[in-house]
$ cat protein_11.txt   # compact mmCIF, C-alpha atoms
# COMPACT_ATOMS: atom_id res chain seq x y z
CA MET A 839 0.00 0.00 0.00
CA ARG A 840 3.03 2.27 0.36
CA ARG A 841 3.35 2.51 -3.42
CA TRP A 842 -0.28 3.57 -3.76
CA LYS A 843 0.08 6.26 -1.12
CA HIS A 844 2.84 7.69 -3.29
CA VAL A 845 0.57 7.47 -6.36
CA LEU A 846 -2.09 9.50 -4.52
CA GLN A 847 0.52 12.04 -3.48
CA ASP A 848 1.75 12.33 -7.08
CA TRP A 849 -1.82 12.92 -8.28
CA GLU A 850 -2.23 15.71 -5.74
CA GLU A 851 0.90 17.30 -7.20
CA GLY A 852 -0.28 16.78 -10.79
CA HIS A 853 2.19 14.03 -11.68
CA GLU A 854 1.70 10.67 -13.40
CA GLY A 855 3.95 7.65 -13.45
CA ILE A 856 4.07 3.92 -14.05
CA ILE A 857 3.14 1.03 -11.79
CA ALA A 858 5.27 -2.01 -12.70
CA THR A 859 3.90 -5.28 -11.31
CA LEU A 860 5.44 -8.73 -11.41
CA ILE A 861 2.45 -10.79 -12.58
CA GLN A 862 4.02 -14.17 -13.37
CA THR A 863 7.23 -15.98 -12.52
CA GLN A 864 8.71 -19.34 -13.29
CA GLY A 865 11.76 -20.90 -11.71
CA SER A 866 13.98 -19.07 -9.27
CA THR A 867 13.27 -15.32 -9.10
CA TYR A 868 14.28 -12.60 -6.64
CA GLN A 869 10.65 -11.49 -6.11
CA LYS A 870 7.32 -13.24 -6.57
CA THR A 871 3.96 -12.42 -8.14
CA GLY A 872 2.38 -9.24 -6.79
CA THR A 873 5.58 -7.29 -6.12
CA GLN A 874 5.28 -3.71 -7.37
CA MET A 875 7.62 -0.91 -8.36
CA LEU A 876 6.68 2.73 -8.91
CA ILE A 877 8.35 4.73 -11.68
CA SER A 878 8.00 8.51 -11.76
CA GLY A 879 7.72 10.54 -14.94
CA SER A 880 11.32 11.65 -14.40
CA GLY A 881 12.60 8.08 -14.24
CA GLU A 882 13.04 7.72 -10.49
CA SER A 883 11.85 4.42 -9.01
CA GLN A 884 10.72 2.98 -5.70
CA GLY A 885 10.89 -0.73 -5.01
CA GLN A 886 12.50 -3.45 -7.08
CA LEU A 887 11.32 -6.50 -8.98
CA SER A 888 14.66 -8.25 -9.41
CA GLY A 889 17.98 -8.19 -7.62
CA GLY A 890 18.88 -5.07 -9.58
CA CYS A 891 19.45 -6.76 -12.92
CA LEU A 892 16.24 -5.65 -14.66
CA GLU A 893 15.32 -2.34 -13.09
CA GLN A 894 17.11 -0.09 -15.58
CA ASP A 895 15.37 -1.73 -18.51
CA ILE A 896 12.00 -1.72 -16.69
CA VAL A 897 12.32 2.04 -16.15
CA ARG A 898 13.21 2.53 -19.82
CA ARG A 899 10.19 0.53 -20.97
CA GLY A 900 7.92 2.26 -18.47
CA LEU A 901 8.89 5.75 -19.65
CA SER A 902 8.40 4.65 -23.26
CA LEU A 903 4.89 3.42 -22.40
CA LEU A 904 4.13 6.69 -20.64
CA GLU A 905 4.99 8.60 -23.80
CA SER A 906 2.99 6.26 -26.05
CA GLY A 907 -0.33 6.81 -24.26
CA GLN A 908 -1.14 3.08 -24.31
CA SER A 909 -3.25 1.66 -21.48
CA TYR A 910 -0.72 -1.00 -20.49
CA GLY A 911 2.33 -2.92 -21.64
CA LEU A 912 3.94 -6.27 -20.88
CA ALA A 913 7.66 -6.82 -20.41
CA SER A 914 8.86 -10.42 -20.62
CA TYR A 915 12.27 -11.53 -19.40
CA PRO A 916 12.80 -15.24 -20.19
CA ALA A 917 15.75 -16.81 -18.42
CA GLU A 918 17.30 -18.15 -21.62
CA GLN A 919 17.45 -14.67 -23.15
CA MET A 920 18.73 -13.05 -19.98
CA ASP A 921 21.63 -15.51 -19.91
CA ASP A 922 22.68 -14.51 -23.42
CA PRO A 923 25.93 -12.49 -23.05
CA ILE A 924 24.92 -10.10 -25.88
CA PHE A 925 21.15 -9.69 -25.40
CA GLY A 926 20.78 -10.55 -21.77
CA PHE A 927 21.01 -8.99 -18.35
CA GLN A 928 23.02 -11.76 -16.67
CA THR A 929 20.61 -12.30 -13.79
CA GLY A 930 21.66 -14.73 -11.12
CA CYS A 931 18.22 -16.15 -10.28
CA LYS A 932 17.74 -18.15 -13.51
CA GLY A 933 13.98 -17.56 -13.59
CA ASP A 934 11.37 -16.08 -15.95
CA TYR A 935 9.70 -12.72 -15.25
CA LEU A 936 6.51 -11.30 -16.76
CA ILE A 937 5.92 -7.68 -15.76
CA LEU A 938 2.80 -5.55 -16.26
CA LEU A 939 3.43 -1.86 -16.89
CA GLU A 940 0.51 0.51 -16.28
CA PRO A 941 0.29 4.30 -16.39
CA THR A 942 -1.08 5.55 -13.09
CA SER A 943 -3.49 7.71 -15.11
CA GLY A 944 -5.49 4.54 -15.80
CA TYR A 945 -6.55 4.53 -12.15
CA ARG A 946 -7.55 8.19 -12.03
CA PRO A 947 -11.29 7.38 -12.33
CA TYR A 948 -10.96 5.58 -8.98
CA GLN A 949 -8.91 8.27 -7.22
CA GLN A 950 -11.57 9.12 -4.64
CA GLN A 951 -12.33 5.49 -3.80
CA LEU A 952 -8.65 4.58 -3.57
CA ALA A 953 -7.89 7.52 -1.30
CA LYS A 954 -10.70 6.60 1.09
CA ALA A 955 -9.83 2.88 1.10
CA ILE A 956 -6.16 3.56 1.82
CA ALA A 957 -7.01 6.05 4.56
CA PHE A 958 -9.15 3.43 6.32
CA ASN A 959 -6.78 0.54 5.45
CA GLN A 960 -9.53 -1.35 3.63
CA ARG A 961 -8.92 -4.35 1.40
CA VAL A 962 -8.39 -3.19 -2.17
CA GLU A 963 -8.49 -5.55 -5.16
CA ILE A 964 -7.82 -4.55 -8.76
CA VAL A 965 -8.62 -6.49 -11.93
CA THR A 966 -6.71 -5.46 -15.05
CA ILE A 967 -8.28 -6.79 -18.26
CA LEU A 968 -5.36 -7.76 -20.47
CA ASP A 969 -7.36 -9.49 -23.22
CA TYR A 970 -11.09 -9.80 -23.80
CA ARG A 971 -11.89 -11.24 -27.21
CA PRO A 972 -15.71 -11.24 -26.71
CA ASN A 973 -15.55 -7.43 -26.61
CA PRO A 974 -12.07 -5.98 -27.36
CA VAL A 975 -13.18 -2.56 -26.13
CA LEU A 976 -12.82 -3.88 -22.58
CA THR A 977 -9.13 -4.68 -23.05
CA GLY A 978 -7.05 -2.34 -20.89
CA ASN A 979 -9.91 -1.50 -18.52
CA ARG A 980 -9.59 -1.89 -14.78
CA LEU A 981 -12.06 -2.97 -12.14
CA LEU A 982 -11.81 -1.98 -8.48
CA ALA A 983 -13.26 -3.69 -5.43
CA ILE A 984 -13.23 -2.37 -1.84
CA ASP A 985 -13.62 -4.93 0.93
CA GLY A 986 -14.96 -7.41 -1.62
CA GLN A 987 -17.54 -5.05 -3.12
CA LEU A 988 -17.09 -4.14 -6.77
CA VAL A 989 -17.05 -0.39 -7.38
CA LYS A 990 -19.72 0.10 -10.05
CA PRO A 991 -18.07 0.35 -13.47
CA ALA A 992 -19.44 2.08 -16.56
CA SER A 993 -22.82 0.72 -17.65
CA GLU A 994 -21.52 -0.55 -21.01
CA ILE A 995 -19.16 -3.01 -19.30
CA LEU A 996 -21.24 -3.74 -16.21
CA GLN A 997 -22.30 -7.30 -17.09
CA ALA A 998 -18.83 -8.36 -18.23
CA ALA A 999 -17.32 -6.73 -15.16
CA ARG A 1000 -19.56 -8.74 -12.84
CA GLU A 1001 -18.64 -11.98 -14.61
CA LEU A 1002 -14.92 -11.22 -14.46
CA TRP A 1003 -15.12 -10.25 -10.80
CA GLU A 1004 -16.92 -13.49 -9.98
CA TRP A 1005 -14.19 -15.42 -11.78
CA ALA A 1006 -11.48 -13.50 -9.90
CA GLN A 1007 -12.93 -14.62 -6.55
CA HIS A 1008 -11.91 -18.21 -7.31
CA ARG A 1009 -8.19 -17.46 -7.67
CA GLN A 1010 -5.77 -19.41 -5.50
CA ASP A 1011 -3.49 -16.57 -4.44
CA ARG A 1012 -3.77 -12.94 -3.39
CA CYS A 1013 -2.29 -11.89 -6.75
CA SER A 1014 -2.87 -14.06 -9.80
CA LEU A 1015 -2.76 -14.07 -13.59
CA LEU A 1016 -5.92 -15.84 -14.82
CA GLU A 1017 -6.48 -17.07 -18.36
CA LYS A 1018 -9.18 -18.70 -20.49
CA PRO A 1019 -7.25 -19.30 -23.72
CA GLU A 1020 -10.21 -20.85 -25.56
CA ALA A 1021 -12.30 -17.73 -24.90
CA GLY A 1022 -9.49 -15.25 -25.44
CA ILE A 1023 -9.79 -13.83 -21.92
CA ARG A 1024 -6.82 -12.90 -19.74
CA ILE A 1025 -6.91 -10.86 -16.53
CA TYR A 1026 -4.54 -10.01 -13.72
CA VAL A 1027 -5.96 -9.74 -10.19
CA HIS A 1028 -4.00 -7.79 -7.59
CA GLN A 1029 -4.83 -7.37 -3.93
CA ILE A 1030 -3.03 -4.40 -2.41
CA GLU A 1031 -1.35 -5.32 0.85
CA PRO A 1032 -2.82 -3.38 3.77
CA ILE A 1033 -0.65 -1.08 5.83
CA ARG A 1034 1.02 -2.93 8.69
CA ARG A 1035 0.81 -1.19 12.05
CA LEU A 1036 3.17 -1.55 14.99
CA LEU A 1037 2.23 -0.35 18.45
CA LEU A 1038 5.39 0.09 20.54
CA VAL A 1039 4.81 0.42 24.27
CA GLY A 1040 7.90 2.05 25.70
CA GLY A 1041 10.15 4.66 24.17
CA GLY A 1042 13.51 3.76 25.68
CA ASN A 1043 16.75 3.70 23.72
CA ASP A 1044 16.24 0.06 22.73
CA ALA A 1045 12.91 0.96 21.09
CA MET A 1046 14.65 3.34 18.69
CA PRO A 1047 16.20 0.68 16.40
CA VAL A 1048 12.93 -1.32 16.50
CA ALA A 1049 11.08 1.71 15.16
CA GLU A 1050 13.77 2.39 12.56
CA PHE A 1051 13.88 -1.18 11.19
CA ALA A 1052 10.08 -1.45 11.16
CA ARG A 1053 9.71 1.88 9.37
CA ARG A 1054 12.16 0.79 6.68
CA ILE A 1055 9.98 -2.18 5.76
CA GLY A 1056 6.80 -0.15 5.64
CA TYR A 1057 5.24 -0.26 9.09
CA GLU A 1058 3.07 2.56 10.39
CA ILE A 1059 4.45 3.07 13.90
CA HIS A 1060 2.68 4.28 17.03
CA LEU A 1061 4.66 4.81 20.24
CA LEU A 1062 3.09 4.83 23.72
CA ASP A 1063 4.84 6.00 26.86
CA TYR A 1064 4.01 7.84 30.09
CA ARG A 1065 7.35 9.68 29.99
CA GLU A 1066 6.99 12.74 27.77
CA ALA A 1067 10.75 13.10 27.38
CA PHE A 1068 10.85 9.75 25.56
CA LEU A 1069 8.22 10.89 23.05
CA SER A 1070 10.55 13.06 21.03
CA PRO A 1071 10.73 13.20 17.22
CA HIS A 1072 14.48 13.78 17.59
CA ARG A 1073 14.88 10.24 18.94
CA PHE A 1074 12.74 8.39 16.44
CA PRO A 1075 12.42 8.24 12.64
CA ASN A 1076 10.05 10.46 10.72
CA GLY A 1077 6.46 9.31 10.62
CA VAL A 1078 6.22 7.87 14.15
CA THR A 1079 2.99 8.88 15.93
CA PHE A 1080 3.40 9.58 19.65
CA HIS A 1081 0.82 8.89 22.37
CA CYS A 1082 1.41 10.06 25.92
CA VAL A 1083 -0.60 7.59 28.00
CA GLY A 1084 -0.50 7.42 31.77
CA LYS A 1085 -0.56 4.44 34.10
CA LEU A 1086 -4.33 4.19 34.48
CA LEU A 1087 -5.86 1.06 32.99
CA GLU A 1088 -8.93 2.95 31.77
CA GLU A 1089 -6.78 5.43 29.85
CA MET A 1090 -4.67 2.64 28.34
CA GLU A 1091 -7.77 0.71 27.31
CA ARG A 1092 -9.28 3.78 25.67
CA VAL A 1093 -6.18 4.39 23.55
CA ILE A 1094 -5.36 0.80 22.65
CA SER A 1095 -8.95 -0.12 21.78
CA GLY A 1096 -8.79 2.46 18.99
CA PHE A 1097 -6.33 0.35 16.99
CA PRO A 1098 -7.55 -2.35 14.54
CA SER A 1099 -7.11 -5.97 15.57
CA ASP A 1100 -4.40 -6.64 12.97
CA THR A 1101 -2.06 -4.20 14.75
CA GLN A 1102 1.05 -5.88 16.14
CA VAL A 1103 2.05 -4.88 19.67
CA VAL A 1104 5.47 -4.95 21.34
CA LEU A 1105 5.79 -4.22 25.06
CA MET A 1106 9.24 -2.95 26.06
CA SER A 1107 8.76 -0.09 28.51
CA HIS A 1108 10.99 -1.69 31.20
CA SER A 1109 8.31 -0.67 33.70
CA PHE A 1110 6.57 -3.70 35.19
CA GLU A 1111 3.47 -1.72 36.13
CA TYR A 1112 3.19 -0.05 32.72
CA ASP A 1113 3.75 -3.27 30.77
CA ARG A 1114 1.16 -4.99 32.94
CA ILE A 1115 -1.66 -2.53 32.23
CA ALA A 1116 -0.67 -2.35 28.55
CA LEU A 1117 -0.69 -6.15 28.32
CA ARG A 1118 -4.12 -6.37 29.91
CA ALA A 1119 -5.55 -3.71 27.59
CA ALA A 1120 -3.94 -5.30 24.53
CA MET A 1121 -5.29 -8.77 25.33
CA GLN A 1122 -8.79 -7.39 25.76
CA SER A 1123 -8.54 -5.78 22.31
CA GLY A 1124 -7.95 -9.12 20.60
CA PHE A 1125 -4.66 -8.43 18.82
CA GLY A 1126 -3.13 -11.44 17.08
CA TYR A 1127 0.44 -10.63 18.08
CA ILE A 1128 1.68 -9.24 21.40
CA GLY A 1129 5.43 -9.45 21.88
CA VAL A 1130 6.76 -8.98 25.41
CA LEU A 1131 10.39 -8.22 26.23
CA GLY A 1132 11.83 -10.01 29.24
CA PRO A 1133 12.27 -13.51 30.70
CA SER A 1134 9.51 -16.04 31.25
CA GLU A 1135 9.53 -15.44 35.01
CA ARG A 1136 8.63 -11.78 34.47
CA MET A 1137 6.02 -12.84 31.90
CA ASN A 1138 4.35 -15.12 34.43
CA SER A 1139 4.24 -12.27 36.94
CA LEU A 1140 2.69 -9.95 34.35
CA LEU A 1141 -0.06 -12.49 33.72
CA SER A 1142 -0.82 -13.25 37.36
CA GLY A 1143 -4.01 -11.99 38.90
CA PHE A 1144 -6.35 -11.93 35.91
CA GLU A 1145 -7.96 -14.62 33.79
CA ILE A 1146 -6.23 -15.32 30.47
CA LYS A 1147 -8.13 -17.24 27.80
CA ASN A 1148 -5.93 -16.67 24.76
CA LYS A 1149 -2.25 -16.88 25.66
CA GLU A 1150 -1.45 -17.97 22.12
CA MET A 1151 -1.34 -14.34 21.01
CA ILE A 1152 1.63 -13.60 23.31
CA TYR A 1153 5.22 -14.07 22.15
CA ASN A 1154 7.76 -14.09 24.97
CA PRO A 1155 10.66 -13.61 25.06
CA VAL A 1156 9.92 -11.44 22.04
CA GLY A 1157 11.91 -11.95 18.84
CA LEU A 1158 13.43 -14.80 16.88
CA GLU A 1159 16.36 -16.63 18.41
CA ILE A 1160 19.41 -15.34 16.57
CA GLY A 1161 21.74 -14.99 19.55
CA ALA A 1162 21.03 -11.26 19.75
CA LYS A 1163 23.01 -9.25 22.33
CA THR A 1164 23.09 -5.58 21.32
CA PRO A 1165 20.00 -3.32 21.11
CA GLU A 1166 20.30 -3.31 17.31
CA GLU A 1167 20.53 -7.11 17.14
CA ILE A 1168 17.56 -7.48 19.48
CA ALA A 1169 15.60 -5.02 17.33
CA LEU A 1170 16.46 -7.07 14.25
CA SER A 1171 15.18 -10.25 15.92
CA ILE A 1172 11.94 -8.51 16.99
CA VAL A 1173 11.17 -7.06 13.57
CA SER A 1174 12.08 -10.38 11.94
CA GLN A 1175 9.48 -12.06 14.12
CA LEU A 1176 6.88 -9.46 13.13
CA VAL A 1177 7.53 -10.33 9.49
CA ALA A 1178 7.52 -14.09 10.18
CA VAL A 1179 4.12 -13.87 11.90
CA THR A 1180 2.69 -11.67 9.12
CA ARG A 1181 3.96 -14.01 6.39
CA LYS A 1182 2.97 -17.12 8.36
CA ALA A 1183 6.52 -18.43 8.18
CA GLY A 1184 7.35 -21.85 9.56
CA SER A 1185 9.56 -20.70 12.45
CA ILE A 1186 8.11 -17.95 14.62
CA GLN A 1187 8.60 -19.64 18.03
CA LYS A 1188 8.15 -18.68 21.64
CA LYS A 1189 4.41 -18.48 22.10
CA VAL A 1190 3.23 -18.37 25.67
CA GLY A 1191 0.93 -21.26 26.47
CA GLU A 1192 2.62 -23.78 24.19
CA GLU A 1193 3.80 -26.94 25.89
CA LYS A 1194 7.38 -26.12 24.89
CA TRP A 1195 8.61 -22.63 24.26
CA LYS A 1196 12.17 -21.37 24.27
CA THR A 1197 13.39 -18.92 26.85
CA SER A 1198 16.85 -17.99 25.57
CA GLY A 1199 15.68 -15.12 23.36
CA ASN A 1200 15.44 -11.45 24.27
CA ALA A 1201 14.94 -11.77 27.99
CA SER A 1202 16.76 -8.63 29.05

$ encode --input "protein_11.txt" --output "structure tokens"
Amino acid sequence: MRRWKHVLQDWEEGHEGIIATLIQTQGSTYQKTGTQMLISGSGESQGQLSGGCLEQDIVRRGLSLLESGQSYGLASYPAEQMDDPIFGFQTGCKGDYLILLEPTSGYRPYQQQLAKAIAFNQRVEIVTILDYRPNPVLTGNRLLAIDGQLVKPASEILQAARELWEWAQHRQDRCSLLEKPEAGIRIYVHQIEPIRRLLLVGGGNDAMPVAEFARRIGYEIHLLDYREAFLSPHRFPNGVTFHCVGKLLEEMERVISGFPSDTQVVLMSHSFEYDRIALRAAMQSGFGYIGVLGPSERMNSLLSGFEIKNKEMIYNPVGLEIGAKTPEEIALSIVSQLVAVTRKAGSIQKKVGEEKWKTSGNAS
């Protein structure tokens, strides 16, 4: 969703660009289907689709498309051509890439809906019609759905749009290239990843690298602390939102309950009392991930005295086990665990309430 926030900003400033999307891969590739890259009209880019081997050519093709006025373009990079020492790009991944290039102007009709959906972090799905032999006029059109509801398209394509949207609902993955070769129909369906939110409780020095690493990978960061001196923009990266919240449970509950349930929470205030009320408020809000810094003995003390029905949401000691010692290493392990939980990776470890959970992580 970061790329689309930049698109909206560019529109506000009167600029257009290119969205480059990896829509199909085969073999070993640096990125997978759904990865996007934004190219400005001046040739600057954000994001990458390969390990750096293809980006220069993707920018060149994107700018050429922007000048042509076409509704979209496809850039194919077969592995056998890329290995050619004269033609190729000498990529190391040995895989095939198919990339969709689209002028951002093609989404202008949906500017208002996109802006609202991104502001409220709603689920956004886009269908790009690459081929439609039954009615070629539809080729190059785009359909938009917000939280599963199709935004009403123009009346002349309404029936076809409903049929294509119904078909798109049966895809296997979040982002998929779908084809009906016998009918001459080909569409690409893209679900924009929602903004990931991190709620950091505690603004000590060890929270600073956590915020920095999380910001670099696209998190929206909110920092809670009762110490106003810790809530300083000079200590944390740009974009962090500060909340001065005292040690009253009612106040903590009021603030924390305002965050959506997919927010990830990390408690690291180094104040037992503050972590305790924050933990209680967070558990009542139903978050799926609550990471708690400190050893298991402290964790047990934090949990004592009130009924806990869903310990599986708590990760303690917080972070993946990488032998972390320094604040920066501990921050790396914490943010790595946030990613692992989000991506449903196989090794996320240390859930409270499991029969066996490791205690040699970040227990400081």

$ closest_residue --input "protein_11.txt" --among "A:Ala858, A:Leu952, A:Leu876, A:Leu903" --to "Leu846 in chain A" --atoms "all atoms listed in the file"
A:Leu952

$ atom_distance --input "protein_11.txt" --atom1 "CA of Ser909 in chain A" --atom2 "CA of Val965 in chain A"
13.7 Å

$ closest_residue --input "protein_11.txt" --among "A:Val989, A:Ala917, A:Leu901, A:Met1046" --to "Gly855 in chain A" --atoms "all atoms listed in the file"
A:Leu901

$ closest_residue --input "protein_11.txt" --among "A:Ile1055, A:Ile861, A:Ala1116, A:Ala955" --to "Leu968 in chain A" --atoms "only C-alpha atoms"
A:Ile861

$ residues_around --input "protein_11.txt" --residues "range 1143-1148 of chain A" --least-positions-apart "4" --cutoff "12 Å" --atoms "all atoms listed in the file" --output "list in words"
Arg1114, Ile1115, Leu1117, Arg1118, Ala1119, Ala1120, Met1121, Gln1122, Ser1123, Gly1124, Phe1125, Gly1126, Tyr1127, Ile1128, Asn1138, Ser1139, Ile1152, Tyr1153, Lys1189, Val1190, Gly1191 and Glu1192 of chain A

$ closest_residue --input "protein_11.txt" --among "A:Cys1082, A:Ile1033, A:Ala1021, A:Leu1131" --to "Ala957 in chain A" --atoms "all atoms listed in the file"
A:Ile1033

$ closest_residue --input "protein_11.txt" --among "A:Gly1132, A:Ala998, A:Asp969, A:Thr942" --to "Glu1017 in chain A" --atoms "all atoms listed in the file"
A:Asp969

$ closest_residue --input "protein_11.txt" --among "A:Trp849, A:Ala953, A:Leu1061, A:Val1027" --to "Ile967 in chain A" --atoms "all atoms listed in the file"
A:Val1027

$ atom_distance --input "protein_11.txt" --atom1 "CA of Val1039 in chain A" --atom2 "CA of Ser1070 in chain A"
14.3 Å

$ atom_distance --input "protein_11.txt" --atom1 "CA of Ser943 in chain A" --atom2 "CA of Glu854 in chain A"
6.2 Å

$ residues_around --input "protein_11.txt" --residues "Ser906 in chain A" --least-positions-apart "6" --cutoff "12 Å" --atoms "all atoms listed in the file" --output "MDAnalysis selection string"
chainID A and resid 899:900 940:941

$ residues_around --input "protein_11.txt" --residues "Ala913 in chain A" --least-positions-apart "6" --cutoff "10 Å" --atoms "only C-alpha atoms" --output "PyMOL selection string"
chain A and resi 858-860+895-896+899-900+935-939

$ write_last_selection --input "protein_11.txt" --atoms "C-alpha atoms" --output "short mmCIF file (atom, residue, chain, number, x, y, z; two decimals), in the frame of the given file"
data_model
loop_
_atom_site.label_atom_id
_atom_site.label_comp_id
_atom_site.auth_asym_id
_atom_site.auth_seq_id
_atom_site.Cartn_x
_atom_site.Cartn_y
_atom_site.Cartn_z
CA ALA A 858 5.27 -2.01 -12.70
CA THR A 859 3.90 -5.28 -11.31
CA LEU A 860 5.44 -8.73 -11.41
CA ASP A 895 15.37 -1.73 -18.51
CA ILE A 896 12.00 -1.72 -16.69
CA ARG A 899 10.19 0.53 -20.97
CA GLY A 900 7.92 2.26 -18.47
CA TYR A 935 9.70 -12.72 -15.25
CA LEU A 936 6.51 -11.30 -16.76
CA ILE A 937 5.92 -7.68 -15.76
CA LEU A 938 2.80 -5.55 -16.26
CA LEU A 939 3.43 -1.86 -16.89
#
